[in-house]
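Source file: coords08.tsv; contents: TSV, C-alpha atoms and all ligand atoms.
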```tsv
chain	number	residue	atom	x	y	z
A	1323	MET	CA	31.05	2.09	18.85
A	1324	HIS	CA	27.55	0.74	19.04
A	1325	LYS	CA	25.03	3.17	17.58
A	1326	TYR	CA	22.76	3.06	20.63
A	1327	GLN	CA	25.71	3.57	22.90
A	1328	SER	CA	26.63	6.72	21.03
A	1329	ARG	CA	23.05	7.89	21.43
A	1330	GLY	CA	23.49	7.58	25.20
A	1331	ASP	CA	26.81	9.42	24.97
A	1332	GLU	CA	25.21	12.29	23.16
A	1333	THR	CA	22.42	12.73	25.62
A	1334	THR	CA	24.57	12.66	28.74
A	1335	GLY	CA	27.90	14.02	27.61
A	1336	LEU	CA	30.44	11.68	29.15
A	1337	SER	CA	28.52	8.44	29.60
A	1338	GLU	CA	28.99	8.88	33.33
A	1339	TRP	CA	25.66	7.12	33.78
A	1340	LYS	CA	27.29	3.78	32.94
A	1341	LYS	CA	29.40	4.01	36.07
A	1342	ARG	CA	26.53	4.86	38.38
A	1343	ALA	CA	23.66	2.83	39.83
A	1344	PRO	CA	21.42	1.43	38.48
A	1345	TYR	CA	23.63	0.88	35.39
A	1346	ARG	CA	26.90	0.22	37.14
A	1347	ILE	CA	28.14	-3.34	36.58
A	1348	HIS	CA	29.12	-4.83	39.95
A	1349	GLU	CA	32.62	-6.24	40.38
A	1350	PRO	CA	32.96	-9.97	41.13
A	1351	ASN	CA	34.31	-9.20	44.61
A	1352	GLU	CA	31.24	-7.18	45.56
A	1353	HIS	CA	29.28	-10.33	46.44
A	1354	PHE	CA	26.16	-9.32	44.59
A	1355	GLU	CA	23.84	-12.09	45.79
A	1356	VAL	CA	21.60	-12.99	42.87
A	1357	LYS	CA	17.98	-13.55	43.93
A	1358	TYR	CA	16.36	-13.04	40.52
A	1359	GLU	CA	17.33	-12.98	36.86
A	1360	ALA	CA	15.41	-11.05	34.23
A	1361	ASN	CA	15.66	-10.12	30.59
A	1362	CYS	CA	13.83	-8.17	27.93
A	1363	HIS	CA	11.91	-9.90	25.14
A	1364	CYS	CA	14.85	-10.17	22.71
A	1365	GLY	CA	17.28	-11.09	25.49
A	1366	ARG	CA	19.84	-8.34	24.83
A	1367	VAL	CA	19.15	-6.66	28.16
A	1368	HIS	CA	19.80	-9.02	31.05
A	1369	TYR	CA	19.84	-8.03	34.70
A	1370	GLN	CA	19.94	-9.49	38.21
A	1371	LEU	CA	18.44	-8.40	41.53
A	1372	ASN	CA	19.89	-8.98	44.99
A	1373	ARG	CA	16.80	-8.12	47.04
A	1374	ALA	CA	14.16	-10.82	47.60
A	1375	GLN	CA	11.29	-8.54	48.50
A	1376	PRO	CA	10.62	-5.36	46.51
A	1377	LEU	CA	10.11	-2.21	48.58
A	1378	ASP	CA	6.63	-2.05	47.06
A	1379	SER	CA	4.63	-3.57	44.22
A	1380	LYS	CA	1.79	-1.75	42.53
A	1381	LEU	CA	-0.48	-1.50	39.55
A	1382	CYS	CA	-0.69	1.87	37.80
A	1383	HIS	CA	-3.77	2.78	35.79
A	1384	CYS	CA	-2.62	6.23	34.62
A	1385	THR	CA	-3.13	7.07	30.96
A	1386	THR	CA	0.62	7.58	30.41
A	1387	CYS	CA	1.24	3.98	31.50
A	1388	GLN	CA	-1.67	2.83	29.35
A	1389	THR	CA	-0.13	4.51	26.30
A	1390	GLN	CA	3.50	3.64	27.03
A	1391	HIS	CA	2.75	-0.02	27.75
A	1392	ALA	CA	-0.15	-0.43	25.31
A	1393	ALA	CA	-1.96	-2.15	28.17
A	1394	PRO	CA	-4.93	-1.42	30.45
A	1395	PHE	CA	-2.52	-0.90	33.39
A	1396	GLN	CA	1.11	-1.32	34.38
A	1397	TRP	CA	2.69	-3.61	37.03
A	1398	ALA	CA	5.83	-2.26	38.71
A	1399	ALA	CA	8.00	-3.24	41.68
A	1400	ILE	CA	10.11	-0.66	43.49
A	1401	PHE	CA	13.80	-1.25	44.24
A	1402	HIS	CA	16.83	0.76	45.29
A	1403	LYS	CA	19.18	1.60	42.44
A	1404	GLU	CA	21.91	-0.49	44.08
A	1405	ASP	CA	19.69	-3.62	44.06
A	1406	ILE	CA	20.16	-4.19	40.33
A	1407	ASN	CA	23.10	-5.46	38.33
A	1408	PHE	CA	23.08	-5.33	34.54
A	1409	VAL	CA	24.81	-8.45	33.26
A	1410	ASN	CA	24.35	-7.48	29.66
A	1411	GLY	CA	22.81	-4.84	27.46
A	1412	HIS	CA	23.16	-1.74	29.59
A	1413	HIS	CA	24.57	-0.18	26.42
A	1414	ASP	CA	21.40	-1.22	24.60
A	1415	LEU	CA	19.03	1.04	26.49
A	1416	GLU	CA	16.99	4.01	25.42
A	1417	TRP	CA	15.23	6.63	27.48
A	1418	TYR	CA	12.04	8.56	27.31
A	1419	ASP	CA	10.88	11.32	29.59
A	1420	PRO	CA	7.07	11.40	29.21
A	1421	THR	CA	6.78	14.82	30.87
A	1422	ALA	CA	9.11	16.65	28.46
A	1423	LYS	CA	8.51	14.12	25.64
A	1424	SER	CA	12.26	13.95	25.32
A	1425	ILE	CA	14.66	11.02	24.71
A	1426	GLU	CA	17.32	12.53	26.92
A	1427	HIS	CA	18.44	10.66	30.01
A	1428	LYS	CA	16.73	13.04	32.40
A	1429	LEU	CA	15.10	11.73	35.56
A	1430	PRO	CA	12.46	10.51	36.02
A	1431	CYS	CA	12.32	8.62	32.73
A	1432	LYS	CA	11.22	5.39	31.11
A	1433	VAL	CA	13.94	2.88	30.19
A	1434	ARG	CA	13.54	0.43	27.32
A	1435	CYS	CA	15.59	-2.06	25.32
A	1436	SER	CA	16.71	-0.17	22.23
A	1437	TYR	CA	16.30	-3.28	20.07
A	1438	CYS	CA	12.97	-4.92	21.06
A	1439	HIS	CA	11.67	-1.84	22.95
A	1440	SER	CA	10.45	-3.87	25.92
A	1441	PRO	CA	9.92	-1.52	28.86
A	1442	ILE	CA	12.61	-2.36	31.44
A	1443	MET	CA	11.88	0.11	34.22
A	1444	ASP	CA	11.01	3.65	35.20
A	1445	GLU	CA	14.13	5.30	36.60
A	1446	GLY	CA	13.34	7.82	39.30
A	1447	ARG	CA	15.74	10.10	41.13
A	1448	ASN	CA	16.30	7.68	44.01
A	1449	MET	CA	14.46	4.49	43.12
A	1450	ILE	CA	13.74	2.29	40.14
A	1451	LEU	CA	10.32	0.87	39.27
A	1452	LEU	CA	10.99	-2.43	37.55
A	1453	PHE	CA	8.51	-4.32	35.43
A	1454	PRO	CA	8.35	-7.78	37.02
A	1455	SER	CA	6.97	-9.40	33.85
A	1456	LEU	CA	10.64	-9.64	32.78
A	1457	ILE	CA	11.71	-11.68	35.81
A	1458	HIS	CA	12.05	-15.49	35.68
A	1459	PHE	CA	10.33	-16.57	38.86
A	1460	LYS	CA	11.50	-20.00	40.02
A	1461	THR	CA	9.05	-20.59	42.88
A	1462	VAL	CA	5.54	-19.62	43.92
A	1463	GLU	CA	7.05	-17.78	46.92
A	1464	ASP	CA	9.25	-15.69	44.64
A	1465	ARG	CA	6.23	-14.63	42.65
A	1466	LEU	CA	4.28	-13.89	45.85
A	1467	ASN	CA	6.98	-11.39	46.85
A	1468	PHE	CA	5.97	-9.33	43.82
A	1469	LYS	CA	2.22	-9.58	44.30
A	1470	PRO	CA	0.72	-6.11	43.76
A	1471	ARG	CA	-0.15	-4.34	47.03
A	1472	CYS	CA	-2.21	-1.46	45.68
A	1473	HIS	CA	-3.65	0.30	42.63
A	1474	MET	CA	-2.62	3.83	41.65
A	1475	PHE	CA	-4.44	6.37	39.45
A	1476	TYR	CA	-7.42	4.03	39.69
A	1477	ASN	CA	-9.75	6.85	38.61
A	1478	GLN	CA	-8.17	6.59	35.12
A	1479	ARG	CA	-8.83	2.84	34.85
A	1480	VAL	CA	-10.27	1.09	31.82
A	1481	ILE	CA	-11.50	-1.88	33.86
A	1482	ASP	CA	-12.76	-2.43	37.43
A	1483	ILE	CA	-10.68	-4.80	39.53
A	1484	PRO	CA	-12.58	-5.81	42.67
A	1485	ASP	CA	-9.62	-7.52	44.37
A	1486	GLY	CA	-9.83	-5.91	47.81
A	1487	LEU	CA	-6.49	-4.08	47.37
A	1488	PRO	CA	-6.19	-0.38	48.29
A	1489	LYS	CA	-7.04	1.88	45.36
A	1490	TRP	CA	-5.67	5.42	45.10
A	1491	ASP	CA	-6.84	8.14	42.75
A	1492	GLY	CA	-3.21	9.35	42.44
A	1493	LEU	CA	0.11	8.21	43.84
A	1494	LYS	CA	-0.01	5.96	46.89
A	1495	ASP	CA	-0.32	7.95	50.16
A	1496	ASP	CA	-0.52	11.13	48.12
A	1497	GLY	CA	-4.01	10.87	46.66
A	1498	ASN	CA	-7.39	9.83	47.96
A	1499	LEU	CA	-8.24	6.28	48.79
A	1500	ILE	CA	-11.11	5.32	46.49
A	1501	GLU	CA	-13.46	3.16	48.44
A	1502	ASP	CA	-14.21	0.75	45.67
A	1503	SER	CA	-12.82	-1.91	47.94
A	1504	PRO	CA	-14.33	-1.66	51.44
A	1505	PRO	CA	-11.78	-0.11	53.89
A	1506	GLU	CA	-12.13	-2.98	56.38
A	1507	LEU	CA	-11.32	-5.48	53.61
A	1508	ILE	CA	-8.28	-3.37	52.60
A	1509	ARG	CA	-7.04	-3.38	56.20
A	1510	GLU	CA	-7.55	-7.14	56.39
A	1511	VAL	CA	-5.54	-7.69	53.17
A	1512	GLU	CA	-2.70	-5.44	54.42
A	1513	ARG	CA	-2.68	-7.22	57.82
A	1514	LYS	CA	-2.51	-10.65	56.17
A	1515	ARG	CA	0.32	-9.55	53.87
A	1516	GLU	CA	2.34	-8.26	56.82
A	1517	GLU	CA	1.71	-11.49	58.75
A	1518	GLU	CA	2.81	-13.63	55.85
A	1519	GLY	CA	5.90	-11.46	55.40
A	1520	GLU	CA	6.82	-11.91	59.05
A	1521	GLU	CA	6.30	-15.67	58.83
A	1522	ARG	CA	8.62	-15.85	55.84
A	1523	LEU	CA	11.14	-13.67	57.64
A	1524	GLN	CA	11.10	-16.02	60.63
A	1525	LYS	CA	11.63	-18.97	58.34
A	1526	GLY	CA	14.67	-17.13	57.02
A	1527	GLU	CA	13.40	-17.06	53.46
A	1528	ASN	CA	13.45	-13.35	53.14
A	1529	ALA	CA	16.98	-12.46	54.12
O	1601	ZN	ZN	15.37	-6.42	23.97
O	1602	ZN	ZN	1.20	5.20	35.51
```
Serialized structure, structure tokens:
Amino acid sequence: MHKYQSRGDETTGLSEWKKRAPYRIHEPNEHFEVKYEANCHCGRVHYQLNRAQPLDSKLCHCTTCQTQHAAPFQWAAIFHKEDINFVNGHHDLEWYDPTAKSIEHKLPCKVRCSYCHSPIMDEGRNMILLFPSLIHFKTVEDRLNFKPRCHMFYNQRVIDIPDGLPKWDGLKDDGNLIEDSPPELIREVERKREEEGEERLQKGENA
């Protein structure tokens, strides 16, 4: 047995997690329509996505993300747990719960490749927050689908980003909107994004 696999066994008892989303490997007859492919830096962890447009895409400036990613902020896209299919390496994962500072698989937690330690995603109770830097975008449109739509925990930022996007001092819709970007500009950006999304939908590119 792989040593990292046994680590997962220990932390969860019966490895039941391997049979459940987001780690469940889809059967060939499930028609998992591959829209994107992604892998960690070393390539051991390889996954696919079947949803073209993430439910949301955001930049997080919180100090936990700064520390965990060794970066000024983190870029994450939200998906349902059933939207992902691990092709390879779902035995090569490790977990970290920043709240309890524990490596048990306890939600919500951070998920990394156990070999190269690339952050793969944050696994929440219902959703996953994937790090799109791992995805191989084939077209400009694909990349546009993942364009960040807001900033979170912007009050903890290390750099100002005057991009007109909504900026929250906590979680989106749960904190205060920081008016670093003028509200009318924010509304304009949101309106444009929705319009463009509808146009793409009409063209059938977003099915
Ligand atoms: Zn890796
Ligand atoms: Zn964060």
Could you put an axis-aligned box around every listed atom of region 1508-1516 of chain A, padded by 6 Å on each side, and send me its centre and edge lengths in Å to one decimal, as lines of an AutoDock Vina configuration file?
```
center_x = -3.0
center_y = -7.0
center_z = 55.2
size_x = 22.6
size_y = 19.3
size_z = 17.2
```
Please provide as a PDB file with C-alpha atoms, in the frame of the given file all residues within 6 Å of Tyr1476 (chain A), with the sequence filter that same-chain residues fewer than 3 positions apart are discarded (counting all atoms listed in the file).
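Output contents, as saved in selection-v3.pdb:
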```pdb
ATOM      1  CA  HIS A1383      -3.770   2.780  35.790  1.00  0.00           C
ATOM      2  CA  ARG A1479      -8.830   2.840  34.850  1.00  0.00           C
ATOM      3  CA  TRP A1490      -5.670   5.420  45.100  1.00  0.00           C
ATOM      4  CA  ASP A1491      -6.840   8.140  42.750  1.00  0.00           C
TER       5      ASP A1491
END
```
Figure out the distance between CA of Ile1500 (chain A) and CA of Gly1519 (chain A), please, to one decimal in Å.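 Pair CA of Gly1519 (chain A) / CA of Ile1500 (chain A) returns 25.5 Å.
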From A:Asn1410, A:Asn1372, A:Gln1388, A:Asn1351, residue lying nearest Ile1481 (chain A) [all atoms listed in the file]: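 Closest residue, counting all atoms listed in the file: A:Gln1388.
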What's the 12 Å shell around region 1392-1396 of chain A, counting only C-alpha atoms, without same-chain residues fewer than 4 positions away, as a PyMOL selection string? chain A and resi 1379-1388+1440-1444+1451-1455+1470+1472-1483
Could those selected residues go to a file with C-alpha atoms, as a PDB file, in the coordinates of the input?
```
ATOM      1  CA  SER A1379       4.630  -3.570  44.220  1.00  0.00           C
ATOM      2  CA  LYS A1380       1.790  -1.750  42.530  1.00  0.00           C
ATOM      3  CA  LEU A1381      -0.480  -1.500  39.550  1.00  0.00           C
ATOM      4  CA  CYS A1382      -0.690   1.870  37.800  1.00  0.00           C
ATOM      5  CA  HIS A1383      -3.770   2.780  35.790  1.00  0.00           C
ATOM      6  CA  CYS A1384      -2.620   6.230  34.620  1.00  0.00           C
ATOM      7  CA  THR A1385      -3.130   7.070  30.960  1.00  0.00           C
ATOM      8  CA  THR A1386       0.620   7.580  30.410  1.00  0.00           C
ATOM      9  CA  CYS A1387       1.240   3.980  31.500  1.00  0.00           C
ATOM     10  CA  GLN A1388      -1.670   2.830  29.350  1.00  0.00           C
ATOM     11  CA  SER A1440      10.450  -3.870  25.920  1.00  0.00           C
ATOM     12  CA  PRO A1441       9.920  -1.520  28.860  1.00  0.00           C
ATOM     13  CA  ILE A1442      12.610  -2.360  31.440  1.00  0.00           C
ATOM     14  CA  MET A1443      11.880   0.110  34.220  1.00  0.00           C
ATOM     15  CA  ASP A1444      11.010   3.650  35.200  1.00  0.00           C
ATOM     16  CA  LEU A1451      10.320   0.870  39.270  1.00  0.00           C
ATOM     17  CA  LEU A1452      10.990  -2.430  37.550  1.00  0.00           C
ATOM     18  CA  PHE A1453       8.510  -4.320  35.430  1.00  0.00           C
ATOM     19  CA  PRO A1454       8.350  -7.780  37.020  1.00  0.00           C
ATOM     20  CA  SER A1455       6.970  -9.400  33.850  1.00  0.00           C
ATOM     21  CA  PRO A1470       0.720  -6.110  43.760  1.00  0.00           C
ATOM     22  CA  CYS A1472      -2.210  -1.460  45.680  1.00  0.00           C
ATOM     23  CA  HIS A1473      -3.650   0.300  42.630  1.00  0.00           C
ATOM     24  CA  MET A1474      -2.620   3.830  41.650  1.00  0.00           C
ATOM     25  CA  PHE A1475      -4.440   6.370  39.450  1.00  0.00           C
ATOM     26  CA  TYR A1476      -7.420   4.030  39.690  1.00  0.00           C
ATOM     27  CA  ASN A1477      -9.750   6.850  38.610  1.00  0.00           C
ATOM     28  CA  GLN A1478      -8.170   6.590  35.120  1.00  0.00           C
ATOM     29  CA  ARG A1479      -8.830   2.840  34.850  1.00  0.00           C
ATOM     30  CA  VAL A1480     -10.270   1.090  31.820  1.00  0.00           C
ATOM     31  CA  ILE A1481     -11.500  -1.880  33.860  1.00  0.00           C
ATOM     32  CA  ASP A1482     -12.760  -2.430  37.430  1.00  0.00           C
ATOM     33  CA  ILE A1483     -10.680  -4.800  39.530  1.00  0.00           C
TER      34      ILE A1483
END
```
At most 7 Å from ligand ZN 1601 (chain O) (all atoms listed in the file): residue list as a ChimeraX atom specification: /A:1362-1367,1435-1440
Using all atoms listed in the file, which residue out of A:Arg1513, A:Arg1434, A:Arg1522, A:His1427 lies closest to Ser1337 (chain A)?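 Selected residue with least distance to Ser1337 (chain A): A:His1427.
These residues, each with an atom at most 7 Å from (11.1, 10.2, 38.7) using all atoms listed in the file, are Leu1429, Pro1430, Cys1431, Glu1445, Gly1446 and Arg1447 of chain A.
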